[in-house]
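Only one structure is covered here, and it is reproduced in the block below.
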Amino acid sequence: MENFIEKILNYKVNRRSFLKWTAAASASLMLTSCSNKLKVISKEERESLMKKKGKWITAPCWHNCGGRCLIKAYVVDGVVLRTKTDDTHTDSYDNPQQRACARGRSQIKQVLGADRLKYPMKRKHWVPGGGDKELRGKDQWVRISWNEALYIVSSELERIKTKYGNKAIYSNNGADGTGGENQRMLSLYGGSVEMFGSRSRGAWAKAMEPILGVNQKSHIMNDRMDLLNAKLIVLWGNNPAWNTSSSALRNLIRAKEKGIKFICIDPIYSTTISLLADEYIPIRPATDTTMLLAIAYVLITNDSPFNPLIDWDFLNRCTVGFDAEHMPKDVDPKENFKDYILGTYDGQPKNPKWASEICGIPEDKIISFALELGKTKPATVLFGWNMARVEKGQHVCLAQATVGAMTGNMGIKGGCFSVSCQEPAGNGGPNLIKPGEDGLKEIKNPLEKIKLCKSEHWNAILTGKYTAGKNKKGNIDIRFIYHSHSSTLNQSNNINKGIKAHRKVDFVLTNQYVLNPDAAYSDVVLPATTEWERYGTVLTGNREILIWASQVIKPLFEAKDDMWIAKEIGKRLGISPQKIEPIDLKQRVFNKVAGAKVMKEDGSTYENLVTITQNDISSLGVQGKPQKGIIGIMEFKENGIYQVKRKQNDKYVYIHNKKFRENPEKNPLKTKSGKIELHCKTLADIVTKAGWNKGNPIAKYEAPTEGYEATFSDWKNKIKGKYPLQFCSVHGQRQSHSNMGNVPWLREAFLCHLTMNTVDAKERGISDNDTVRIFNDHGSILRKVHVTELIMPGVVALPQGSWLEIDKDGNCMAGSVNMLTGDYPSGPDIESFQACIVQVEKHNSTIEEDYKFKQRIVL
Ligand SMILES: Nc1nc2c(c(=O)[nH]1)N[C@H]1C(S)=C(S)[C@@H](COP(=O)(O)OP(=O)(O)OC[C@H]3O[C@@H](n4cnc5c(=O)[nH]c(N)nc54)[C@H](O)[C@@H]3O)O[C@H]1N2
Ligand SMILES: Nc1nc2c(c(=O)[nH]1)N[C@H]1C(S)=C(S)[C@@H](COP(=O)(O)OP(=O)(O)OC[C@H]3O[C@@H](n4cnc5c(=O)[nH]c(N)nc54)[C@H](O)[C@@H]3O)O[C@H]1N2
Ligand code: SF4
Ligand SMILES: [Mo]
């Protein structure tokens, strides 16, 4: 074992040849075939295994990245020799291969990493009730048996429940509530307090339903084939080259090749922009609402019958709230959007001059862009999520919908104004293939009404008070934190406050396969299996594919499935395992596959994906009924993927809101008025009811606490303050959030340097590759700096997700971005990551690249 660890610690990777050798080199670390341990095998052993006949197994890539790509692992005698990506068909624009990114190609290094957690463990100085809680995050780890671990966990749960009630248990189950197993157990145990707020989708998550009556994920996006019908494509804070799987970008490249013009609006000149942009407009972070409002101003003030810029017909028929004549009933007509833009009542026109001062885009550029947008029909404008991960971010959502409606780019070929992120990125419309239900019924959490907002939870734990609605503060006394399927400490605002909260409660528990920051600040860590070690899973991604991935290897060391853990804890608390898992995983996977439906080629209805015979049912060892489908179930299992075939002008082409636009009375939206609500009282009420501030029914600009304006001590005379720079965190290529942040290959291939503009660096005497300290009142980070012209002056950026690693002075040496973000709750589902201000100074040390950091190998 030692030899193996040493080898990994000294591992050097040549960045330039990274992709070339990933497949081959992965073979130097692998499982022995006869046990469930990690062992390095020699070149000779490998060669002899290669001569034998192995099997390609579809391996899951399960991370929350929005993509779902095909990875296959080549396994001989239980040893994973290499991985590959989609080669199931010839690649084309119509039918792209679902090719893995660098993370997927490094998956083997995560699953078979030297830093996999092997055994249950507790921190050395833990005693019932906590002991010295300040040691959390610093203590040593001690191996314990599963029996002891389960005893500790269940008796702490029992003790805390008996003394303080279920309301003292806080369960963190991942950004989108993915960790169902432990929640099932806790719900049966009387419940636990969960989080609310998306921590991901910003204000889009809650705002788009009342405005547009749709789920935000692809709120009004057309099908990918329709991109080719646009005359102009605007990517607004949208960076698929870094943060979506390959096909989203490829559809845009195809549009580019067709000659469609691209304009990109972003504080950073990203890879997407360098690939696609005909024009790049830099904008300051968290100021997009001002730009959108100024566009509205230019359209309103320049529109005339001779110079039509506004689609009045669409506004008249399909929206409410634009002007005094189109207001919803029982509302003061003075509250309309147009008069706010013109400054009729507040004396401040939201003109380009006003916006330019805040967003940094020159006035004439705002005007020319607005006129181009008004004149070029149809236009597709795709937004990212980041700009709405801002305090009071619902305004940017409202402003986006309003400008979209004004230009009439809704419900038409080639025209849409939409978010384009995650699974449906660049490809809107109903899923052409979808899995069936797994059969597991949700267990209601008896405490579902008590939830902590993700931007307030650390505060709530520390102060004992949480916001429970308008003018309502609730008492809370959290004693037990349970992390699973998430990286909550690293990924939510204000890590230093988070650490304090972790050091306050009685007990912290984490299910994990690596010692991520949540686990590092826990009392007990339970080693979980990865998806490669479980029976299998059904994965959905973009609307054209379904993946059936299977078990690749046996569980490593003493790792157990989360469901097993939930049942074992449950058993000790008197909960029947049968209730927690009434249907086993094998049957659940089968149910999903058996119930999978594919849209018929004529677009009329769905049909069964798989044909199942009685023989299949017996050989899979499940219960089910034979059925007819379009592919045999065993063939699907073997292929691992089913991809719906596409061609230009097929029946799957989708134009969102086409019917609504044609006849809004007959096809109303699911909004209060049935129309698009540019004056949206429902949204304003939702914000007000959440309890932090008063909602506004129309898109307005309200500066966030740590926005651009806050970089000045004297805004009027433009005198900069203590924290003169805006700090921006982006989803970089190295990781899926904190996931895979431990993989040295990826750390080396994608360096985590602070990006800083040349002008700002020069002012501070900073040169490229210097070590710098980035700090504000929340915390501080040490990083090397990349000095470049490719970011706006006044803005610095780091990729989000690096694993918190605090030095003796309290600096995070790894660059975990939430060391710097403040927590400013402002409405349901609205985070405040993206409005953050900092200072940067040269540091008198040289920090190492993090791929040279010691891996977190414990026990
Ligand atoms: N590689 C990778 N891919 C991922 C993920 C990952 O962690 N790694 N995470 C996945 C998940 S869960 C999500 S939610 C999505 C995230 O998707 P997004 O939120 O859209 O992604 P970001 O990278 O945060 O931001 C996209 C672009 O917006 C720019 N930007 C930042 N702030 C502003 C602003 O205020 N205004 C404007 N106009 N632009 C701004 C950034 O520079 C970046 O180029 O990505 C998904 N894909
Ligand atoms: N400042 C700033 N903060 C951000 C963002 C930002 O842009 N800026 N982005 C935000 C966004 S968009 C998101 S979605 C969130 C993501 O926040 P999280 O979802 O908390 O982050 P991940 O890093 O994806 O954490 C997933 C964790 O689940 C674990 N895991 C995966 N599968 C399993 C399993 O089967 N069992 C168990 N037990 N564990 C498992 C992984 O090891 C990993 O540690 O972060 C947010 N945080
Ligand atoms: S894009 Fe996502 S699903 Fe695809 S290989 Fe990368 S991490 Fe895996
Ligand atoms: Mo996210």
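In the structure tokens, chains take letters A, B, ... by order of appearance, with residues numbered from 1 within each chain and ligands from 1 in the order shown.
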Item to complete: Give me the residues within 12 Å of Val390 of chain A as a PyMOL selection string, counting only C-alpha atoms and dropping any in the same chain fewer than 2 places off.
Response: chain A and resi 199-204+285-289+385-388+392-397+455+493+702-707+728-729+821-836
* To do: Might you pull out every residue within 6 Å of Asp768 of chain A, with only C-alpha atoms counted and same-chain residues fewer than 6 positions away left off, and present them as JSON, numbers by chain?
  => {"A": [785, 786, 787]}
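With only C-alpha atoms as the atoms that count, the minimum distance from Gly197 of chain A to the choices A:Lys454, A:Lys118, A:Lys52, A:Lys353 is reached by A:Lys454.
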Contacts between ligand 1 and chain A, please, where a residue of chain A counts if it comes within 7 Å (with only C-alpha atoms and all ligand atoms); show its shortest atom pair and distance in Å to one decimal, rows by chain and ascending number, as a Markdown table.
| residue | atom | partner | partner_atom_place_in_ligand_line | distance |
| --- | --- | --- | --- | --- |
| A:Asn64 | CA | ligand 1 | 12 (S) | 5.3 |
| A:Cys65 | CA | ligand 1 | 10 (C) | 3.8 |
| A:Gly66 | CA | ligand 1 | 46 (C) | 5.2 |
| A:Ser200 | CA | ligand 1 | 14 (S) | 4.7 |
| A:Arg201 | CA | ligand 1 | 14 (S) | 5.6 |
| A:Trp236 | CA | ligand 1 | 38 (N) | 5.2 |
| A:Gly237 | CA | ligand 1 | 39 (N) | 3.3 |
| A:Asn238 | CA | ligand 1 | 27 (C) | 4.4 |
| A:Asn239 | CA | ligand 1 | 44 (O) | 4.6 |
| A:Trp242 | CA | ligand 1 | 1 (N) | 5.1 |
| A:Asn243 | CA | ligand 1 | 3 (N) | 3.1 |
| A:Thr244 | CA | ligand 1 | 47 (N) | 4.9 |
| A:Ile265 | CA | ligand 1 | 38 (N) | 5.3 |
| A:Asp266 | CA | ligand 1 | 39 (N) | 4.1 |
| A:Pro267 | CA | ligand 1 | 42 (O) | 5.4 |
| A:Ile268 | CA | ligand 1 | 42 (O) | 4.7 |
| A:Ser270 | CA | ligand 1 | 44 (O) | 5.8 |
| A:Ile283 | CA | ligand 1 | 38 (N) | 6.1 |
| A:Arg284 | CA | ligand 1 | 35 (O) | 6.4 |
| A:Pro285 | CA | ligand 1 | 35 (O) | 3.3 |
| A:Ala286 | CA | ligand 1 | 35 (O) | 3.7 |
| A:Thr287 | CA | ligand 1 | 35 (O) | 6.1 |
| A:Asp288 | CA | ligand 1 | 36 (N) | 5.6 |
| A:Gly384 | CA | ligand 1 | 20 (O) | 3.4 |
| A:Trp385 | CA | ligand 1 | 19 (O) | 3.7 |
| A:Asn386 | CA | ligand 1 | 19 (O) | 3.7 |
| A:Met387 | CA | ligand 1 | 35 (O) | 3.8 |
| A:Cys421 | CA | ligand 1 | 17 (O) | 5.6 |
| A:Gln422 | CA | ligand 1 | 46 (C) | 5.3 |
| A:Cys728 | CA | ligand 1 | 32 (N) | 6.1 |
| A:Ser729 | CA | ligand 1 | 24 (O) | 6.4 |
| A:Val730 | CA | ligand 1 | 23 (O) | 3.8 |
| A:His731 | CA | ligand 1 | 23 (O) | 3.7 |
| A:Gly732 | CA | ligand 1 | 1 (N) | 4.8 |
| A:Gln733 | CA | ligand 1 | 1 (N) | 3.9 |
| A:Arg734 | CA | ligand 1 | 1 (N) | 6.2 |
| A:Gln735 | CA | ligand 1 | 8 (N) | 5.0 |
| A:Ser736 | CA | ligand 1 | 7 (O) | 3.3 |
| A:His737 | CA | ligand 1 | 7 (O) | 3.7 |
| A:Gly801 | CA | ligand 1 | 7 (O) | 6.9 |
| A:Gln834 | CA | ligand 1 | 32 (N) | 6.3 |
### Shell around Met792 of chain A at 10 Å using only C-alpha atoms, local window under 2 positions removed, as a VMD selection string
chain A and resid 266 to 269 281 to 285 360 726 755 to 760 788 to 790 794 to 797
I need the chosen residues saved as a PDB file, in the first residue's frame, with C-alpha atoms.
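Saved as again-v1.pdb:
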ATOM      1  CA  ASP A 266     -19.577  38.659 -20.300  1.00  0.00           C
ATOM      2  CA  PRO A 267     -17.016  40.108 -17.869  1.00  0.00           C
ATOM      3  CA  ILE A 268     -14.578  37.449 -19.076  1.00  0.00           C
ATOM      4  CA  TYR A 269     -13.393  36.800 -22.616  1.00  0.00           C
ATOM      5  CA  ILE A 281     -19.192  43.312 -25.028  1.00  0.00           C
ATOM      6  CA  PRO A 282     -17.561  43.255 -21.596  1.00  0.00           C
ATOM      7  CA  ILE A 283     -19.949  43.927 -18.721  1.00  0.00           C
ATOM      8  CA  ARG A 284     -19.428  44.301 -14.981  1.00  0.00           C
ATOM      9  CA  PRO A 285     -20.717  41.392 -12.897  1.00  0.00           C
ATOM     10  CA  GLY A 360     -19.324  49.735 -17.724  1.00  0.00           C
ATOM     11  CA  GLN A 726     -15.445  42.858  -8.104  1.00  0.00           C
ATOM     12  CA  THR A 755      -7.521  36.051 -13.446  1.00  0.00           C
ATOM     13  CA  MET A 756      -6.713  39.752 -13.215  1.00  0.00           C
ATOM     14  CA  ASN A 757      -6.571  42.550 -15.751  1.00  0.00           C
ATOM     15  CA  THR A 758      -3.184  44.039 -16.632  1.00  0.00           C
ATOM     16  CA  VAL A 759      -4.250  47.499 -15.499  1.00  0.00           C
ATOM     17  CA  ASP A 760      -5.259  46.306 -12.028  1.00  0.00           C
ATOM     18  CA  THR A 788      -4.261  39.148 -18.798  1.00  0.00           C
ATOM     19  CA  GLU A 789      -6.349  41.434 -20.964  1.00  0.00           C
ATOM     20  CA  LEU A 790      -9.032  38.760 -21.129  1.00  0.00           C
ATOM     21  CA  GLY A 794     -11.931  46.083 -12.058  1.00  0.00           C
ATOM     22  CA  VAL A 795     -12.972  42.433 -12.067  1.00  0.00           C
ATOM     23  CA  VAL A 796     -11.015  39.399 -10.844  1.00  0.00           C
ATOM     24  CA  ALA A 797     -12.130  35.794 -11.209  1.00  0.00           C
TER      25      ALA A 797
END
Find the residues near ligand 3. Use a cut-off of 10 Å, count only C-alpha atoms and all ligand atoms, and write them as a PDB file with N, CA, C and O atoms, in the first residue's frame.
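See pocket27.pdb below for the written result:
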ATOM      1  N   PRO A  60     -20.958   4.914 -15.211  1.00  0.00           N
ATOM      2  CA  PRO A  60     -21.675   6.175 -14.978  1.00  0.00           C
ATOM      3  C   PRO A  60     -20.751   7.392 -14.819  1.00  0.00           C
ATOM      4  O   PRO A  60     -19.707   7.285 -14.193  1.00  0.00           O
ATOM      5  N   CYS A  61     -21.152   8.509 -15.394  1.00  0.00           N
ATOM      6  CA  CYS A  61     -20.554   9.806 -15.040  1.00  0.00           C
ATOM      7  C   CYS A  61     -21.731  10.595 -14.487  1.00  0.00           C
ATOM      8  O   CYS A  61     -22.589  11.042 -15.224  1.00  0.00           O
ATOM      9  N   TRP A  62     -21.773  10.694 -13.188  1.00  0.00           N
ATOM     10  CA  TRP A  62     -23.021  11.062 -12.511  1.00  0.00           C
ATOM     11  C   TRP A  62     -23.023  12.468 -11.936  1.00  0.00           C
ATOM     12  O   TRP A  62     -23.928  12.862 -11.231  1.00  0.00           O
ATOM     13  N   HIS A  63     -22.001  13.253 -12.242  1.00  0.00           N
ATOM     14  CA  HIS A  63     -21.871  14.519 -11.521  1.00  0.00           C
ATOM     15  C   HIS A  63     -22.873  15.570 -11.969  1.00  0.00           C
ATOM     16  O   HIS A  63     -23.387  15.506 -13.073  1.00  0.00           O
ATOM     17  N   ASN A  64     -23.057  16.539 -11.117  1.00  0.00           N
ATOM     18  CA  ASN A  64     -23.997  17.614 -11.404  1.00  0.00           C
ATOM     19  C   ASN A  64     -23.314  18.646 -12.304  1.00  0.00           C
ATOM     20  O   ASN A  64     -22.909  19.706 -11.862  1.00  0.00           O
ATOM     21  N   CYS A  65     -23.186  18.286 -13.584  1.00  0.00           N
ATOM     22  CA  CYS A  65     -22.515  19.182 -14.525  1.00  0.00           C
ATOM     23  C   CYS A  65     -23.469  19.596 -15.625  1.00  0.00           C
ATOM     24  O   CYS A  65     -23.148  20.404 -16.465  1.00  0.00           O
ATOM     25  N   GLY A  66     -24.654  18.974 -15.651  1.00  0.00           N
ATOM     26  CA  GLY A  66     -25.613  19.274 -16.704  1.00  0.00           C
ATOM     27  C   GLY A  66     -25.478  18.357 -17.898  1.00  0.00           C
ATOM     28  O   GLY A  66     -26.398  18.209 -18.680  1.00  0.00           O
ATOM     29  N   GLY A  67     -24.321  17.747 -18.058  1.00  0.00           N
ATOM     30  CA  GLY A  67     -24.143  16.844 -19.197  1.00  0.00           C
ATOM     31  C   GLY A  67     -24.369  15.410 -18.782  1.00  0.00           C
ATOM     32  O   GLY A  67     -24.475  15.089 -17.602  1.00  0.00           O
ATOM     33  N   ARG A  68     -24.503  14.553 -19.736  1.00  0.00           N
ATOM     34  CA  ARG A  68     -24.484  13.114 -19.488  1.00  0.00           C
ATOM     35  C   ARG A  68     -23.785  12.501 -20.688  1.00  0.00           C
ATOM     36  O   ARG A  68     -24.354  12.432 -21.773  1.00  0.00           O
ATOM     37  N   CYS A  69     -22.549  12.089 -20.477  1.00  0.00           N
ATOM     38  CA  CYS A  69     -21.775  11.585 -21.606  1.00  0.00           C
ATOM     39  C   CYS A  69     -21.543  10.105 -21.444  1.00  0.00           C
ATOM     40  O   CYS A  69     -21.649   9.561 -20.355  1.00  0.00           O
ATOM     41  N   LEU A  70     -21.198   9.498 -22.529  1.00  0.00           N
ATOM     42  CA  LEU A  70     -20.990   8.057 -22.491  1.00  0.00           C
ATOM     43  C   LEU A  70     -19.529   7.755 -22.149  1.00  0.00           C
ATOM     44  O   LEU A  70     -18.612   8.237 -22.809  1.00  0.00           O
ATOM     45  N   ILE A  71     -19.368   6.960 -21.095  1.00  0.00           N
ATOM     46  CA  ILE A  71     -18.027   6.482 -20.752  1.00  0.00           C
ATOM     47  C   ILE A  71     -18.112   4.974 -20.656  1.00  0.00           C
ATOM     48  O   ILE A  71     -19.050   4.437 -20.061  1.00  0.00           O
ATOM     49  N   THR A  85     -14.685   6.921 -24.616  1.00  0.00           N
ATOM     50  CA  THR A  85     -15.969   7.614 -24.667  1.00  0.00           C
ATOM     51  C   THR A  85     -16.772   7.131 -25.876  1.00  0.00           C
ATOM     52  O   THR A  85     -16.454   6.086 -26.457  1.00  0.00           O
ATOM     53  N   GLN A  98     -21.870  11.417 -27.828  1.00  0.00           N
ATOM     54  CA  GLN A  98     -21.980  12.010 -26.488  1.00  0.00           C
ATOM     55  C   GLN A  98     -20.615  11.869 -25.821  1.00  0.00           C
ATOM     56  O   GLN A  98     -20.389  11.008 -24.983  1.00  0.00           O
ATOM     57  N   ARG A  99     -19.690  12.722 -26.267  1.00  0.00           N
ATOM     58  CA  ARG A  99     -18.298  12.562 -25.846  1.00  0.00           C
ATOM     59  C   ARG A  99     -18.007  13.181 -24.488  1.00  0.00           C
ATOM     60  O   ARG A  99     -18.459  14.285 -24.183  1.00  0.00           O
ATOM     61  N   ALA A 100     -17.209  12.473 -23.732  1.00  0.00           N
ATOM     62  CA  ALA A 100     -16.885  12.909 -22.375  1.00  0.00           C
ATOM     63  C   ALA A 100     -15.896  14.072 -22.379  1.00  0.00           C
ATOM     64  O   ALA A 100     -15.057  14.185 -23.270  1.00  0.00           O
ATOM     65  N   CYS A 101     -16.006  14.909 -21.358  1.00  0.00           N
ATOM     66  CA  CYS A 101     -15.045  15.991 -21.166  1.00  0.00           C
ATOM     67  C   CYS A 101     -13.838  15.452 -20.398  1.00  0.00           C
ATOM     68  O   CYS A 101     -13.780  14.266 -20.055  1.00  0.00           O
ATOM     69  N   ALA A 102     -12.912  16.321 -20.083  1.00  0.00           N
ATOM     70  CA  ALA A 102     -11.702  15.887 -19.369  1.00  0.00           C
ATOM     71  C   ALA A 102     -12.043  15.278 -18.015  1.00  0.00           C
ATOM     72  O   ALA A 102     -11.361  14.369 -17.545  1.00  0.00           O
ATOM     73  N   ARG A 103     -13.120  15.771 -17.393  1.00  0.00           N
ATOM     74  CA  ARG A 103     -13.502  15.203 -16.092  1.00  0.00           C
ATOM     75  C   ARG A 103     -13.963  13.754 -16.255  1.00  0.00           C
ATOM     76  O   ARG A 103     -13.546  12.868 -15.530  1.00  0.00           O
ATOM     77  N   GLY A 104     -14.808  13.551 -17.254  1.00  0.00           N
ATOM     78  CA  GLY A 104     -15.282  12.189 -17.490  1.00  0.00           C
ATOM     79  C   GLY A 104     -14.119  11.261 -17.816  1.00  0.00           C
ATOM     80  O   GLY A 104     -14.080  10.113 -17.378  1.00  0.00           O
ATOM     81  N   ARG A 105     -13.164  11.785 -18.569  1.00  0.00           N
ATOM     82  CA  ARG A 105     -12.018  10.959 -18.953  1.00  0.00           C
ATOM     83  C   ARG A 105     -11.067  10.724 -17.777  1.00  0.00           C
ATOM     84  O   ARG A 105     -10.180   9.892 -17.860  1.00  0.00           O
ATOM     85  N   SER A 106     -11.271  11.512 -16.716  1.00  0.00           N
ATOM     86  CA  SER A 106     -10.453  11.315 -15.510  1.00  0.00           C
ATOM     87  C   SER A 106     -11.242  10.619 -14.409  1.00  0.00           C
ATOM     88  O   SER A 106     -10.751  10.480 -13.299  1.00  0.00           O
ATOM     89  N   GLN A 107     -12.448  10.225 -14.719  1.00  0.00           N
ATOM     90  CA  GLN A 107     -13.324   9.598 -13.729  1.00  0.00           C
ATOM     91  C   GLN A 107     -12.628   8.443 -13.009  1.00  0.00           C
ATOM     92  O   GLN A 107     -12.744   8.279 -11.794  1.00  0.00           O
ATOM     93  N   TRP A 242     -16.999  25.902 -21.322  1.00  0.00           N
ATOM     94  CA  TRP A 242     -16.503  25.468 -20.016  1.00  0.00           C
ATOM     95  C   TRP A 242     -17.524  24.673 -19.233  1.00  0.00           C
ATOM     96  O   TRP A 242     -17.171  23.805 -18.461  1.00  0.00           O
ATOM     97  N   ASN A 243     -18.794  25.019 -19.418  1.00  0.00           N
ATOM     98  CA  ASN A 243     -19.717  24.436 -18.451  1.00  0.00           C
ATOM     99  C   ASN A 243     -20.900  23.648 -18.996  1.00  0.00           C
ATOM    100  O   ASN A 243     -21.832  23.379 -18.260  1.00  0.00           O
ATOM    101  N   THR A 244     -20.827  23.254 -20.263  1.00  0.00           N
ATOM    102  CA  THR A 244     -21.837  22.262 -20.683  1.00  0.00           C
ATOM    103  C   THR A 244     -21.157  21.197 -21.516  1.00  0.00           C
ATOM    104  O   THR A 244     -20.124  21.448 -22.132  1.00  0.00           O
ATOM    105  N   SER A 245     -21.775  20.044 -21.542  1.00  0.00           N
ATOM    106  CA  SER A 245     -21.158  18.948 -22.287  1.00  0.00           C
ATOM    107  C   SER A 245     -21.113  19.322 -23.760  1.00  0.00           C
ATOM    108  O   SER A 245     -21.746  20.271 -24.195  1.00  0.00           O
ATOM    109  N   SER A 246     -20.387  18.540 -24.522  1.00  0.00           N
ATOM    110  CA  SER A 246     -19.956  18.981 -25.841  1.00  0.00           C
ATOM    111  C   SER A 246     -21.067  19.403 -26.804  1.00  0.00           C
ATOM    112  O   SER A 246     -20.897  20.326 -27.579  1.00  0.00           O
ATOM    113  N   SER A 247     -22.226  18.766 -26.756  1.00  0.00           N
ATOM    114  CA  SER A 247     -23.159  19.011 -27.857  1.00  0.00           C
ATOM    115  C   SER A 247     -23.719  20.429 -27.884  1.00  0.00           C
ATOM    116  O   SER A 247     -23.992  20.962 -28.960  1.00  0.00           O
ATOM    117  N   GLN A 422     -27.261  23.745 -18.103  1.00  0.00           N
ATOM    118  CA  GLN A 422     -27.482  22.388 -17.635  1.00  0.00           C
ATOM    119  C   GLN A 422     -28.024  21.490 -18.752  1.00  0.00           C
ATOM    120  O   GLN A 422     -27.753  21.723 -19.917  1.00  0.00           O
ATOM    121  N   GLU A 423     -28.813  20.485 -18.390  1.00  0.00           N
ATOM    122  CA  GLU A 423     -29.225  19.444 -19.350  1.00  0.00           C
ATOM    123  C   GLU A 423     -29.798  20.020 -20.658  1.00  0.00           C
ATOM    124  O   GLU A 423     -29.450  19.560 -21.732  1.00  0.00           O
ATOM    125  N   LEU A 539     -29.336   7.300 -16.491  1.00  0.00           N
ATOM    126  CA  LEU A 539     -28.977   8.717 -16.492  1.00  0.00           C
ATOM    127  C   LEU A 539     -29.615   9.439 -17.676  1.00  0.00           C
ATOM    128  O   LEU A 539     -29.594   8.943 -18.802  1.00  0.00           O
ATOM    129  N   THR A 540     -30.154  10.615 -17.382  1.00  0.00           N
ATOM    130  CA  THR A 540     -30.692  11.421 -18.473  1.00  0.00           C
ATOM    131  C   THR A 540     -29.855  12.669 -18.630  1.00  0.00           C
ATOM    132  O   THR A 540     -29.321  13.185 -17.655  1.00  0.00           O
ATOM    133  N   GLY A 541     -29.757  13.162 -19.833  1.00  0.00           N
ATOM    134  CA  GLY A 541     -28.983  14.378 -20.082  1.00  0.00           C
ATOM    135  C   GLY A 541     -29.774  15.261 -21.006  1.00  0.00           C
ATOM    136  O   GLY A 541     -30.904  15.652 -20.679  1.00  0.00           O
ATOM    137  N   GLN A 733     -13.433  24.273 -16.045  1.00  0.00           N
ATOM    138  CA  GLN A 733     -13.426  22.939 -16.658  1.00  0.00           C
ATOM    139  C   GLN A 733     -12.882  21.842 -15.746  1.00  0.00           C
ATOM    140  O   GLN A 733     -13.117  20.673 -15.964  1.00  0.00           O
ATOM    141  N   ARG A 734     -12.127  22.264 -14.724  1.00  0.00           N
ATOM    142  CA  ARG A 734     -11.461  21.271 -13.902  1.00  0.00           C
ATOM    143  C   ARG A 734     -12.441  20.382 -13.147  1.00  0.00           C
ATOM    144  O   ARG A 734     -12.245  19.191 -13.007  1.00  0.00           O
ATOM    145  N   GLN A 735     -13.498  20.992 -12.659  1.00  0.00           N
ATOM    146  CA  GLN A 735     -14.340  20.296 -11.705  1.00  0.00           C
ATOM    147  C   GLN A 735     -15.802  20.413 -12.049  1.00  0.00           C
ATOM    148  O   GLN A 735     -16.200  21.252 -12.845  1.00  0.00           O
ATOM    149  N   SER A 736     -16.594  19.587 -11.417  1.00  0.00           N
ATOM    150  CA  SER A 736     -18.007  19.821 -11.376  1.00  0.00           C
ATOM    151  C   SER A 736     -18.236  20.282  -9.934  1.00  0.00           C
ATOM    152  O   SER A 736     -18.312  19.461  -9.025  1.00  0.00           O
ATOM    153  N   ASN A 739     -16.673  18.634  -6.920  1.00  0.00           N
ATOM    154  CA  ASN A 739     -16.512  17.265  -7.360  1.00  0.00           C
ATOM    155  C   ASN A 739     -15.332  17.100  -8.289  1.00  0.00           C
ATOM    156  O   ASN A 739     -15.228  17.819  -9.273  1.00  0.00           O
ATOM    157  N   MET A 740     -14.476  16.175  -8.016  1.00  0.00           N
ATOM    158  CA  MET A 740     -13.266  15.884  -8.774  1.00  0.00           C
ATOM    159  C   MET A 740     -12.185  16.943  -8.529  1.00  0.00           C
ATOM    160  O   MET A 740     -11.159  16.941  -9.202  1.00  0.00           O
TER     161      MET A 740
END
Pick out the residues sitting within 8 Å of segment 680-694 of chain A, and hand them over as a ChimeraX atom specification; count only C-alpha atoms, and ignore anything fewer than 6 positions along from it in its own chain. /A:207,210-211,321,467-472,672,825-828
Using only C-alpha atoms, determine which residues lie at most 9 Å from segment 47-51 of chain A, disregarding the query and same-chain residues fewer than 6 positions distant; provide the list as a ChimeraX atom specification.
/A:76-77,79,81
Restricting the calculation to only C-alpha atoms and all ligand atoms, which member of A:Asn351, A:Thr488, A:Asn459, A:Thr90 is positioned closest to ligand 2?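 The shortest atom-to-atom distance to ligand 2 comes from A:Thr488.
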>> Could you pull out the helix (DSSP H, G or I) residues of segment 315-431 of chain A, going by DSSP on the backbone, and write them as a count of residues only?
In response: 54
